[in-house]
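Engineer: Below is start-v9.pdb; it holds PDB, C-alpha atoms.
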ATOM      1  CA  MET W   1       7.363 -57.052  62.858
ATOM      2  CA  GLN W   2       7.853 -53.433  63.945
ATOM      3  CA  ARG W   3      10.196 -52.827  61.007
ATOM      4  CA  LEU W   4       7.627 -54.212  58.586
ATOM      5  CA  ILE W   5       4.857 -51.969  59.991
ATOM      6  CA  LEU W   6       7.108 -48.911  59.759
ATOM      7  CA  LEU W   7       8.008 -49.695  56.157
ATOM      8  CA  LEU W   8       4.356 -50.198  55.211
ATOM      9  CA  LEU W   9       3.468 -46.822  56.741
ATOM     10  CA  LEU W  10       6.289 -45.165  54.802
ATOM     11  CA  ILE W  11       5.149 -46.688  51.507
ATOM     12  CA  SER W  12       1.506 -45.753  52.210
ATOM     13  CA  SER W  13       2.426 -42.121  52.848
ATOM     14  CA  CYS W  14       4.306 -42.000  49.526
ATOM     15  CA  LEU W  15       1.309 -43.457  47.673
ATOM     16  CA  ILE W  16      -1.011 -40.901  49.278
ATOM     17  CA  ALA W  17       1.324 -38.069  48.282
ATOM     18  CA  PHE W  18       1.107 -39.121  44.639
ATOM     19  CA  GLY W  19      -2.603 -39.908  44.807
ATOM     20  CA  GLN W  20      -3.814 -36.425  43.836
ATOM     21  CA  ASN W  21      -3.509 -35.722  40.117
ATOM     22  CA  VAL W  22      -1.614 -32.438  40.071
ATOM     23  CA  GLU W  23      -2.678 -31.727  36.477
ATOM     24  CA  ASN W  24      -6.328 -31.412  37.513
ATOM     25  CA  ILE W  25      -5.859 -29.000  40.421
ATOM     26  CA  THR W  26      -5.406 -25.802  38.377
ATOM     27  CA  LYS W  27      -6.578 -25.362  34.772
ATOM     28  CA  TRP W  28      -4.938 -22.642  32.651
ATOM     29  CA  THR W  29      -5.971 -20.648  29.578
ATOM     30  CA  VAL W  30      -4.240 -17.862  27.623
ATOM     31  CA  LYS W  31      -5.506 -15.052  25.404
ATOM     32  CA  VAL W  32      -3.952 -12.010  23.702
ATOM     33  CA  SER W  33      -4.978  -8.432  24.462
ATOM     34  CA  PRO W  34      -5.579  -6.368  22.405
ATOM     35  CA  ALA W  35      -6.530  -8.489  19.408
ATOM     36  CA  ASP W  36      -5.416  -5.732  16.996
ATOM     37  CA  ILE W  37      -1.689  -5.043  17.383
ATOM     38  CA  ARG W  38       1.072  -3.682  15.127
ATOM     39  CA  SER W  39       4.830  -4.019  14.933
ATOM     40  CA  GLY W  40       6.464  -1.987  17.714
ATOM     41  CA  GLU W  41       3.330  -1.899  19.854
ATOM     42  CA  SER W  42       2.793  -3.478  23.255
ATOM     43  CA  GLY W  43       0.169  -5.899  24.442
ATOM     44  CA  GLN W  44      -0.489  -8.424  27.153
ATOM     45  CA  LEU W  45      -0.896 -12.152  27.442
ATOM     46  CA  ILE W  46      -3.749 -12.849  29.885
ATOM     47  CA  LEU W  47      -3.092 -16.087  31.790
ATOM     48  CA  THR W  48      -6.127 -17.318  33.728
ATOM     49  CA  GLY W  49      -5.873 -20.120  36.240
ATOM     50  CA  THR W  50      -8.860 -21.832  37.860
ATOM     51  CA  THR W  51      -8.013 -23.838  40.988
ATOM     52  CA  VAL W  52     -10.374 -26.433  42.435
ATOM     53  CA  LYS W  53     -12.076 -25.710  45.756
ATOM     54  CA  GLY W  54      -9.948 -26.392  48.809
ATOM     55  CA  TRP W  55      -6.669 -25.690  47.000
ATOM     56  CA  HIS W  56      -4.745 -22.483  46.274
ATOM     57  CA  ILE W  57      -1.705 -21.277  44.318
ATOM     58  CA  TYR W  58       0.767 -18.591  45.304
ATOM     59  CA  SER W  59       1.837 -15.089  44.379
ATOM     60  CA  THR W  60       4.465 -14.453  41.703
ATOM     61  CA  LYS W  61       6.676 -12.763  44.303
ATOM     62  CA  GLU W  62       9.337 -15.091  45.675
ATOM     63  CA  VAL W  63       9.457 -15.552  49.458
ATOM     64  CA  LEU W  64      12.579 -16.880  51.157
ATOM     65  CA  LYS W  65      11.938 -20.413  52.462
ATOM     66  CA  GLY W  66       8.374 -20.070  51.217
ATOM     67  CA  PRO W  67       6.295 -21.757  48.529
ATOM     68  CA  TYR W  68       7.258 -21.985  44.891
ATOM     69  CA  PRO W  69       6.031 -18.745  43.278
ATOM     70  CA  THR W  70       3.772 -18.795  40.244
ATOM     71  CA  THR W  71       5.892 -18.116  37.139
ATOM     72  CA  PHE W  72       5.364 -17.696  33.398
ATOM     73  CA  THR W  73       8.098 -18.099  30.790
ATOM     74  CA  VAL W  74       7.170 -16.630  27.395
ATOM     75  CA  THR W  75       9.087 -17.616  24.261
ATOM     76  CA  GLY W  76       8.582 -16.421  20.704
ATOM     77  CA  GLN W  77      10.656 -15.086  17.810
ATOM     78  CA  GLY W  78       8.654 -11.920  17.178
ATOM     79  CA  ILE W  79       8.046 -10.579  20.703
ATOM     80  CA  GLU W  80       9.975  -9.437  23.753
ATOM     81  CA  THR W  81       9.130  -9.661  27.459
ATOM     82  CA  ARG W  82      11.038  -8.240  30.391
ATOM     83  CA  LYS W  83      12.917 -10.938  32.282
ATOM     84  CA  LEU W  84      13.800 -11.534  35.901
ATOM     85  CA  ILE W  85      15.204 -14.382  37.982
ATOM     86  CA  VAL W  86      12.718 -16.269  40.144
ATOM     87  CA  ALA W  87      13.545 -19.523  41.972
ATOM     88  CA  GLY W  88      16.828 -19.688  40.069
ATOM     89  CA  SER W  89      15.269 -19.536  36.602
ATOM     90  CA  GLU W  90      14.808 -16.705  34.103
ATOM     91  CA  VAL W  91      11.094 -16.002  33.678
ATOM     92  CA  SER W  92       8.913 -13.260  32.210
ATOM     93  CA  GLU W  93       7.823 -10.295  34.294
ATOM     94  CA  VAL W  94       4.200 -10.465  35.435
ATOM     95  CA  ILE W  95       1.464  -8.112  36.613
ATOM     96  CA  GLU W  96      -0.629  -9.903  39.223
ATOM     97  CA  PRO W  97      -3.799  -8.917  41.118
ATOM     98  CA  THR W  98      -3.543  -8.205  44.836
ATOM     99  CA  PRO W  99      -3.164 -11.602  46.515
ATOM    100  CA  LEU W 100      -4.948 -12.786  49.627
ATOM    101  CA  LYS W 101      -2.775 -13.016  52.735
ATOM    102  CA  LYS W 102      -2.690 -15.665  55.432
ATOM    103  CA  PHE W 103      -0.368 -17.689  57.642
ATOM    104  CA  ASP W 104       0.422 -20.895  55.787
ATOM    105  CA  PRO W 105       1.203 -23.871  58.092
ATOM    106  CA  ASN W 106       2.918 -25.652  55.210
ATOM    107  CA  PHE W 107       5.753 -23.101  55.372
ATOM    108  CA  ASN W 108       5.174 -21.389  58.755
ATOM    109  CA  LEU W 109       5.031 -18.039  56.961
ATOM    110  CA  GLU W 110       2.516 -15.420  55.951
ATOM    111  CA  VAL W 111       2.202 -15.752  52.189
ATOM    112  CA  GLY W 112       0.240 -14.281  49.306
ATOM    113  CA  TYR W 113      -2.083 -16.745  47.572
ATOM    114  CA  PHE W 114      -5.010 -17.060  45.145
ATOM    115  CA  GLU W 115      -8.111 -19.238  45.261
ATOM    116  CA  GLY W 116     -10.612 -20.036  42.531
ATOM    117  CA  GLU W 117     -10.131 -18.071  39.296
ATOM    118  CA  VAL W 118      -7.308 -15.560  38.939
ATOM    119  CA  SER W 119      -5.784 -13.783  35.917
ATOM    120  CA  PHE W 120      -2.170 -12.697  35.455
ATOM    121  CA  LYS W 121      -0.868 -10.326  32.773
ATOM    122  CA  VAL W 122       2.450 -10.744  30.962
ATOM    123  CA  PRO W 123       3.308  -7.521  29.070
ATOM    124  CA  PHE W 124       5.086  -7.950  25.728
ATOM    125  CA  THR W 125       6.297  -5.794  22.840
ATOM    126  CA  VAL W 126       6.171  -6.847  19.209
ATOM    127  CA  LYS W 127       9.631  -6.495  17.673
ATOM    128  CA  ALA W 128      10.095  -3.980  14.868
ATOM    129  CA  GLY W 129       9.672  -5.511  11.433
ATOM    130  CA  THR W 130       7.413  -8.325  12.627
ATOM    131  CA  ASN W 131       4.297  -9.008  10.538
ATOM    132  CA  GLY W 132       1.691 -11.709  10.175
ATOM    133  CA  LYS W 133       0.939 -14.385  12.732
ATOM    134  CA  VAL W 134       3.401 -14.874  15.595
ATOM    135  CA  GLU W 135       3.277 -18.105  17.577
ATOM    136  CA  VAL W 136       4.352 -17.767  21.204
ATOM    137  CA  GLY W 137       4.715 -20.350  23.912
ATOM    138  CA  VAL W 138       4.027 -19.904  27.611
ATOM    139  CA  LYS W 139       5.378 -22.284  30.233
ATOM    140  CA  VAL W 140       3.335 -22.034  33.429
ATOM    141  CA  LEU W 141       4.702 -23.236  36.743
ATOM    142  CA  ALA W 142       2.684 -22.985  39.963
ATOM    143  CA  GLN W 143       2.553 -24.851  43.263
ATOM    144  CA  ALA W 144      -0.834 -25.933  44.586
ATOM    145  CA  CYS W 145      -1.378 -26.518  48.296
ATOM    146  CA  ASN W 146      -4.214 -27.243  50.689
ATOM    147  CA  GLU W 147      -4.420 -27.624  54.461
ATOM    148  CA  ASN W 148      -2.885 -31.092  54.320
ATOM    149  CA  GLY W 149       0.175 -30.346  52.190
ATOM    150  CA  CYS W 150       1.527 -29.256  48.834
ATOM    151  CA  GLN W 151       1.946 -30.709  45.383
ATOM    152  CA  ARG W 152       5.056 -30.347  43.272
ATOM    153  CA  PRO W 153       5.176 -27.190  41.117
ATOM    154  CA  TYR W 154       3.339 -27.909  37.889
ATOM    155  CA  GLY W 155       1.959 -26.093  34.870
ATOM    156  CA  PRO W 156       1.117 -26.768  31.239
ATOM    157  CA  ASP W 157       2.819 -25.541  28.079
ATOM    158  CA  LEU W 158       0.374 -23.119  26.471
ATOM    159  CA  THR W 159       0.464 -21.548  23.005
ATOM    160  CA  ALA W 160      -1.035 -18.319  21.688
ATOM    161  CA  THR W 161      -1.163 -16.687  18.264
ATOM    162  CA  ILE W 162      -0.564 -12.932  17.954
ATOM    163  CA  ALA W 163      -1.922 -11.453  14.722
ATOM    164  CA  VAL W 164       0.399  -8.533  13.841
ATOM    165  CA  SER W 165      -1.254  -6.014  11.505
ATOM    166  CA  PRO W 166       0.687  -3.804   9.068
ATOM    167  CA  GLY W 167       1.135  -0.099   9.781
ATOM    168  CA  GLU W 168       3.108   2.284  11.984
ATOM    169  CA  PRO W 169       2.903   1.820  15.768
ATOM    170  CA  ARG W 170       0.254   3.957  17.413
ATOM    171  CA  PRO W 171       1.422   6.255  20.256
ATOM    172  CA  ASP W 172      -1.279   5.010  22.630
ATOM    173  CA  ARG W 173      -0.199   1.389  22.065
ATOM    174  CA  LEU W 174       3.457   1.841  23.038
ATOM    175  CA  ALA W 175       4.858   0.452  26.309
ATOM    176  CA  THR W 176       3.063   1.977  29.293
ATOM    177  CA  ALA W 177       4.126   2.598  32.844
ATOM    178  CA  GLU W 178       2.027  -0.396  33.894
ATOM    179  CA  VAL W 179       4.889  -2.656  32.919
ATOM    180  CA  GLN W 180       7.010  -1.017  35.576
ATOM    181  CA  LYS W 181       4.521  -2.050  38.275
ATOM    182  CA  ALA W 182       5.183  -5.748  37.895
ATOM    183  CA  PRO W 183       6.302  -7.309  41.188
ATOM    184  CA  ARG W 184      10.041  -7.716  41.608
ATOM    185  CA  ASN W 185      11.987  -9.701  44.169
ATOM    186  CA  ASP W 186      15.173  -8.555  45.860
ATOM    187  CA  GLN W 187      17.184 -11.554  44.661
ATOM    188  CA  ALA W 188      16.251 -10.908  41.038
ATOM    189  CA  THR W 189      17.007  -7.188  41.367
ATOM    190  CA  GLN W 190      20.457  -7.846  42.848
ATOM    191  CA  PHE W 191      21.231 -10.552  40.305
ATOM    192  CA  ASN W 192      20.248  -8.447  37.298
ATOM    193  CA  ALA W 193      22.021  -5.354  38.667
ATOM    194  CA  ALA W 194      25.239  -7.314  39.158
ATOM    195  CA  LYS W 195      24.951  -8.855  35.687
ATOM    196  CA  ASN W 196      24.388  -5.478  34.032
ATOM    197  CA  ASP W 197      27.260  -3.779  35.902
ATOM    198  CA  GLY W 198      29.873  -5.963  34.249
ATOM    199  CA  LEU W 199      31.870  -9.144  34.777
ATOM    200  CA  LEU W 200      33.701  -7.953  37.902
ATOM    201  CA  SER W 201      30.454  -6.980  39.663
ATOM    202  CA  PHE W 202      28.836 -10.289  38.715
ATOM    203  CA  PHE W 203      31.909 -12.200  39.934
ATOM    204  CA  PHE W 204      31.756 -10.409  43.305
ATOM    205  CA  PHE W 205      28.016 -11.159  43.608
ATOM    206  CA  ALA W 206      28.643 -14.837  42.821
ATOM    207  CA  PHE W 207      31.543 -14.925  45.309
ATOM    208  CA  ILE W 208      29.424 -13.527  48.157
ATOM    209  CA  SER W 209      26.596 -15.932  47.268
ATOM    210  CA  GLY W 210      29.087 -18.800  47.356
ATOM    211  CA  LEU W 211      30.229 -17.822  50.852
ATOM    212  CA  GLY W 212      26.601 -17.889  51.935
ATOM    213  CA  ALA W 213      26.230 -21.377  50.467
ATOM    214  CA  LEU W 214      29.014 -22.640  52.754
ATOM    215  CA  ILE W 215      26.683 -22.583  55.756
ATOM    216  CA  THR W 216      24.117 -24.879  54.141
ATOM    217  CA  PRO W 217      23.766 -28.356  55.738
ATOM    218  CA  CYS W 218      25.054 -30.221  52.678
ATOM    219  CA  VAL W 219      28.229 -28.110  52.329
ATOM    220  CA  PHE W 220      29.182 -27.162  55.884
ATOM    221  CA  PRO W 221      30.345 -30.688  56.925
ATOM    222  CA  MET W 222      32.958 -30.601  54.148
ATOM    223  CA  ILE W 223      34.756 -27.600  55.694
ATOM    224  CA  PRO W 224      36.552 -29.556  58.483
ATOM    225  CA  VAL W 225      37.418 -32.287  55.975
ATOM    226  CA  THR W 226      39.011 -29.693  53.717
ATOM    227  CA  VAL W 227      40.855 -28.001  56.573
ATOM    228  CA  SER W 228      42.144 -31.370  57.753
ATOM    229  CA  PHE W 229      43.368 -32.225  54.252
ATOM    230  CA  PHE W 230      45.442 -29.063  53.907
ATOM    231  CA  THR W 231      46.613 -29.129  57.536
ATOM    232  CA  LYS W 232      48.221 -32.528  56.941
ATOM    233  CA  LYS W 233      50.090 -31.069  53.981
ATOM    234  CA  ALA W 234      51.270 -27.962  55.860
ATOM    235  CA  GLY W 235      55.000 -27.428  56.148
ATOM    236  CA  GLY W 236      55.860 -27.140  52.483
ATOM    237  CA  SER W 237      56.964 -23.969  50.774
ATOM    238  CA  LEU W 238      54.548 -21.125  50.168
ATOM    239  CA  LYS W 239      54.686 -21.899  46.457
ATOM    240  CA  GLU W 240      53.626 -25.518  47.051
ATOM    241  CA  GLN W 241      50.808 -24.481  49.365
ATOM    242  CA  LEU W 242      49.469 -21.937  46.857
ATOM    243  CA  LYS W 243      49.735 -24.538  44.103
ATOM    244  CA  GLY W 244      47.729 -27.037  46.173
ATOM    245  CA  ALA W 245      45.033 -24.454  46.934
ATOM    246  CA  ALA W 246      44.836 -23.450  43.264
ATOM    247  CA  LEU W 247      44.492 -27.075  42.145
ATOM    248  CA  TYR W 248      41.833 -27.641  44.802
ATOM    249  CA  CYS W 249      39.873 -24.672  43.429
ATOM    250  CA  ALA W 250      40.404 -25.985  39.902
ATOM    251  CA  GLY W 251      38.795 -29.275  40.940
ATOM    252  CA  ILE W 252      35.719 -27.415  42.210
ATOM    253  CA  ILE W 253      35.495 -25.079  39.203
ATOM    254  CA  GLY W 254      36.099 -27.900  36.743
ATOM    255  CA  THR W 255      33.425 -30.118  38.272
ATOM    256  CA  PHE W 256      30.725 -27.446  38.219
ATOM    257  CA  THR W 257      31.764 -26.233  34.768
ATOM    258  CA  VAL W 258      31.678 -29.696  33.189
ATOM    259  CA  LEU W 259      28.406 -30.645  34.884
ATOM    260  CA  GLY W 260      26.855 -27.235  34.226
ATOM    261  CA  LEU W 261      27.740 -27.134  30.543
ATOM    262  CA  GLY W 262      26.818 -30.788  30.078
ATOM    263  CA  ILE W 263      23.377 -30.516  31.692
ATOM    264  CA  THR W 264      22.673 -27.154  30.027
ATOM    265  CA  SER W 265      23.588 -28.533  26.595
ATOM    266  CA  LEU W 266      21.217 -31.460  27.131
ATOM    267  CA  PHE W 267      18.261 -29.692  28.725
ATOM    268  CA  GLY W 268      18.820 -25.943  28.230
ATOM    269  CA  ALA W 269      19.403 -23.340  30.931
ATOM    270  CA  ALA W 270      15.712 -22.550  31.446
ATOM    271  CA  ASN W 271      14.777 -26.240  31.667
ATOM    272  CA  LEU W 272      16.995 -27.150  34.625
ATOM    273  CA  ASN W 273      14.350 -26.109  37.117
ATOM    274  CA  ARG W 274      11.703 -27.982  35.149
ATOM    275  CA  LEU W 275      13.897 -31.083  35.283
ATOM    276  CA  ALA W 276      14.151 -30.694  39.059
ATOM    277  CA  THR W 277      10.344 -30.551  39.345
ATOM    278  CA  ASN W 278       9.656 -33.318  36.818
ATOM    279  CA  LEU W 279       7.282 -35.984  38.139
ATOM    280  CA  TRP W 280       9.355 -38.961  36.973
ATOM    281  CA  VAL W 281      12.636 -37.519  38.251
ATOM    282  CA  ASN W 282      11.139 -36.937  41.687
ATOM    283  CA  LEU W 283       9.385 -40.297  41.654
ATOM    284  CA  PHE W 284      12.734 -41.963  40.920
ATOM    285  CA  LEU W 285      14.407 -40.015  43.732
ATOM    286  CA  GLY W 286      11.544 -40.895  46.084
ATOM    287  CA  LEU W 287      11.915 -44.604  45.312
ATOM    288  CA  LEU W 288      15.682 -44.289  45.712
ATOM    289  CA  PHE W 289      15.250 -42.763  49.188
ATOM    290  CA  ILE W 290      12.824 -45.543  50.120
ATOM    291  CA  ALA W 291      15.399 -48.116  49.000
ATOM    292  CA  LEU W 292      18.081 -46.353  51.043
ATOM    293  CA  SER W 293      15.778 -46.321  54.074
ATOM    294  CA  PHE W 294      15.357 -50.105  53.703
ATOM    295  CA  SER W 295      19.130 -50.345  53.895
ATOM    296  CA  LEU W 296      19.214 -48.195  57.050
ATOM    297  CA  PHE W 297      16.549 -50.432  58.633
ATOM    298  CA  GLY W 298      18.775 -53.429  57.992
ATOM    299  CA  VAL W 299      16.693 -55.085  55.272
ATOM    300  CA  PHE W 300      19.821 -55.238  53.080
ATOM    301  CA  GLU W 301      23.265 -53.647  53.019
ATOM    302  CA  LEU W 302      24.654 -51.248  50.402
ATOM    303  CA  ALA W 303      28.425 -51.026  50.151
ATOM    304  CA  LEU W 304      30.937 -50.073  47.496
ATOM    305  CA  PRO W 305      33.392 -52.789  46.446
ATOM    306  CA  SER W 306      36.506 -52.757  48.615
ATOM    307  CA  SER W 307      38.685 -52.224  45.525
ATOM    308  CA  VAL W 308      36.844 -48.973  44.745
ATOM    309  CA  LEU W 309      37.161 -47.743  48.348
ATOM    310  CA  THR W 310      40.865 -48.568  48.365
ATOM    311  CA  LYS W 311      41.414 -46.720  45.091
ATOM    312  CA  MET W 312      39.533 -43.632  46.301
ATOM    313  CA  ASP W 313      41.481 -43.584  49.543
ATOM    314  CA  SER W 314      44.798 -43.875  47.708
ATOM    315  CA  LEU W 315      43.873 -41.001  45.389
ATOM    316  CA  GLY W 316      43.068 -38.783  48.367
ATOM    317  CA  ARG W 317      46.351 -39.613  50.116
ATOM    318  CA  LYS W 318      48.577 -39.467  47.071
ATOM    319  CA  GLY W 319      50.801 -36.400  46.710
ATOM    320  CA  GLY W 320      51.237 -34.247  43.648
ATOM    321  CA  ALA W 321      48.574 -32.461  41.657
ATOM    322  CA  LEU W 322      46.013 -35.258  41.653
ATOM    323  CA  ALA W 323      45.214 -35.185  45.387
ATOM    324  CA  PRO W 324      43.943 -31.564  45.704
ATOM    325  CA  ILE W 325      42.032 -31.856  42.411
ATOM    326  CA  PHE W 326      40.365 -35.033  43.656
ATOM    327  CA  MET W 327      39.508 -33.322  46.963
ATOM    328  CA  GLY W 328      38.021 -30.361  45.084
ATOM    329  CA  THR W 329      35.886 -32.715  43.011
ATOM    330  CA  THR W 330      34.772 -34.527  46.166
ATOM    331  CA  PHE W 331      33.837 -31.199  47.788
ATOM    332  CA  SER W 332      31.737 -30.299  44.720
TER     333      SER W 332
END
Let me see whether you can do it: turn the structure in this file into structure tokens.
Structural biologist:
Amino acid sequence: MQRLILLLLLISSCLIAFGQNVENITKWTVKVSPADIRSGESGQLILTGTTVKGWHIYSTKEVLKGPYPTTFTVTGQGIETRKLIVAGSEVSEVIEPTPLKKFDPNFNLEVGYFEGEVSFKVPFTVKAGTNGKVEVGVKVLAQACNENGCQRPYGPDLTATIAVSPGEPRPDRLATAEVQKAPRNDQATQFNAAKNDGLLSFFFFAFISGLGALITPCVFPMIPVTVSFFTKKAGGSLKEQLKGAALYCAGIIGTFTVLGLGITSLFGAANLNRLATNLWVNLFLGLLFIALSFSLFGVFELALPSSVLTKMDSLGRKGGALAPIFMGTTFS
């Protein structure tokens, strides 16, 4: 009886979490400023969000272990926007008003946030040689929270039409220093600096970031497993040990490369984060975790077929090149 009550409470909490329609919390509009613009000149996309009373969205500046920042990704053939990396995705640089500040119990941090109506500016430059009407798309992504909790990051796909007039660019309409005032985050600055300094600098940045990832809860437990695997194979020649380590690394690199290229080719690099925040993906994962919790409570048992377990164990114990590659794939 106690198990049944606990399961009912778990299901009820999940239903409550999905009860609020995230699409209705913040409404977004977009307009172009100025209306009269020529090739080579700069303008702004004004993104206005109106959040219902009792809810708020967050600043565009990323905070470590904080809420999902408000982001805007502008796409269009005839315009350019400055880019930066926020929450692992490339987005357009934004000028935001001064946010309100408060301690947010949802994240146990002081954060910048906006209530009610707020407007953000995305500076852009019309590319040389562009004329006529230019259609641009804006993907908005913002997280809405209230005192009781937070919704998943959500935002609509907006479109705007920029009417490009003929004529030479006017000096007072060229890029202004205001663009430079857009908020930056340290992670984006370091990432872009490493990328612009060349392949070696970017490799070193990625290497240091990878070392930092080793201390995360999902990776750290694999370290003793890996050490144990290579310790058992100690005693061979230096050449054999280096070969095993290289094959182990190849298993890791190969796994991430194949998965990365495969997912990117299907969804696009900029859409990976959107996939991770997709309602149906997260609903599926939520139901999967509920099913797994049923298994932990003893409602039913999940187990791989013994033939599969035997095969996996034999691959891990087998010598030669296959064993370290298999271990590298397992680590990934």
Engineer: Pull out every residue that the PyMOL selection byres ((chain W and resi 80) around 7) matches in the shown coordinates and put them as a list in words.
Structural biologist: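 Listing what the PyMOL selection byres ((chain W and resi 80) around 7) selects in the shown file: Ile79, Thr81, Arg82, Phe124, Thr125, Val126 and Lys127 of chain W.
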Engineer: Quick one: residues within 8 Å of region 142-156 of chain W, all atoms listed in the file counted, chain neighbours fewer than 3 positions away excluded, as a PyMOL selection string?
Structural biologist: chain W and resi 17+22-23+25-26+28+54-58+67-71+105-106+139+277+279
Engineer: So that I can see what lies close to region 37-44 of chain W, please list as an MDAnalysis selection string the residues with an atom at most 10 Å from it, counting only C-alpha atoms and leaving out residues fewer than 4 positions away in the same chain.
Structural biologist: chainID W and resid 31:33 78:81 94:95 120:132 162:176 179
Engineer: Distance CA of Leu247 (chain W)-CA of Ile223 (chain W), one decimal place?
Structural biologist: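 CA of Ile223 (chain W) lies at a distance of 16.7 Å from CA of Leu247 (chain W).
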Engineer: Figure out the distance between CA of Lys61 (chain W) and CA of Val118 (chain W), please, to one decimal in Å.
Structural biologist: 15.2 Å
Engineer: So, with all atoms listed in the file as the atoms that count, which of W:Met327, W:Leu47, W:Val91, W:Met222 lies closest to Tyr248 (chain W)?
Structural biologist: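 For Tyr248 (chain W), the nearest of the given residues is W:Met327.
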Engineer: What is the CA of Gly116 (chain W)-CA of Glu62 (chain W) distance in Å, reported with one decimal?
Structural biologist: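 Distance reported for this atom pair: 20.8 Å.
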Engineer: For region 196-207 of chain W, which lacks atoms in the input, supply N, CA and C atoms and format the output as a PDB file, in the frame of the given file.
Structural biologist:
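Below is the file out.pdb, written as the result:
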ATOM      1  N   ASN W 196      24.312  -6.636  34.928  1.00  0.00           N
ATOM      2  CA  ASN W 196      24.388  -5.478  34.032  1.00  0.00           C
ATOM      3  C   ASN W 196      25.568  -4.571  34.327  1.00  0.00           C
ATOM      4  N   ASP W 197      26.132  -4.645  35.534  1.00  0.00           N
ATOM      5  CA  ASP W 197      27.260  -3.779  35.902  1.00  0.00           C
ATOM      6  C   ASP W 197      28.596  -4.294  35.411  1.00  0.00           C
ATOM      7  N   GLY W 198      28.624  -5.456  34.807  1.00  0.00           N
ATOM      8  CA  GLY W 198      29.873  -5.963  34.249  1.00  0.00           C
ATOM      9  C   GLY W 198      30.332  -7.254  34.901  1.00  0.00           C
ATOM     10  N   LEU W 199      31.382  -7.845  34.337  1.00  0.00           N
ATOM     11  CA  LEU W 199      31.870  -9.144  34.777  1.00  0.00           C
ATOM     12  C   LEU W 199      32.391  -9.104  36.209  1.00  0.00           C
ATOM     13  N   LEU W 200      33.119  -8.042  36.565  1.00  0.00           N
ATOM     14  CA  LEU W 200      33.701  -7.953  37.902  1.00  0.00           C
ATOM     15  C   LEU W 200      32.607  -7.896  38.974  1.00  0.00           C
ATOM     16  N   SER W 201      31.558  -7.089  38.716  1.00  0.00           N
ATOM     17  CA  SER W 201      30.454  -6.980  39.663  1.00  0.00           C
ATOM     18  C   SER W 201      29.733  -8.311  39.800  1.00  0.00           C
ATOM     19  N   PHE W 202      29.517  -9.003  38.681  1.00  0.00           N
ATOM     20  CA  PHE W 202      28.836 -10.289  38.715  1.00  0.00           C
ATOM     21  C   PHE W 202      29.693 -11.327  39.446  1.00  0.00           C
ATOM     22  N   PHE W 203      31.004 -11.276  39.246  1.00  0.00           N
ATOM     23  CA  PHE W 203      31.909 -12.200  39.934  1.00  0.00           C
ATOM     24  C   PHE W 203      31.835 -11.980  41.446  1.00  0.00           C
ATOM     25  N   PHE W 204      31.819 -10.716  41.871  1.00  0.00           N
ATOM     26  CA  PHE W 204      31.756 -10.409  43.305  1.00  0.00           C
ATOM     27  C   PHE W 204      30.437 -10.897  43.893  1.00  0.00           C
ATOM     28  N   PHE W 205      29.330 -10.695  43.153  1.00  0.00           N
ATOM     29  CA  PHE W 205      28.016 -11.159  43.608  1.00  0.00           C
ATOM     30  C   PHE W 205      28.017 -12.681  43.757  1.00  0.00           C
ATOM     31  N   ALA W 206      28.583 -13.372  42.770  1.00  0.00           N
ATOM     32  CA  ALA W 206      28.643 -14.837  42.821  1.00  0.00           C
ATOM     33  C   ALA W 206      29.528 -15.303  43.974  1.00  0.00           C
ATOM     34  N   PHE W 207      30.628 -14.564  44.230  1.00  0.00           N
ATOM     35  CA  PHE W 207      31.543 -14.925  45.309  1.00  0.00           C
ATOM     36  C   PHE W 207      30.852 -14.826  46.672  1.00  0.00           C
TER      37      PHE W 207
END
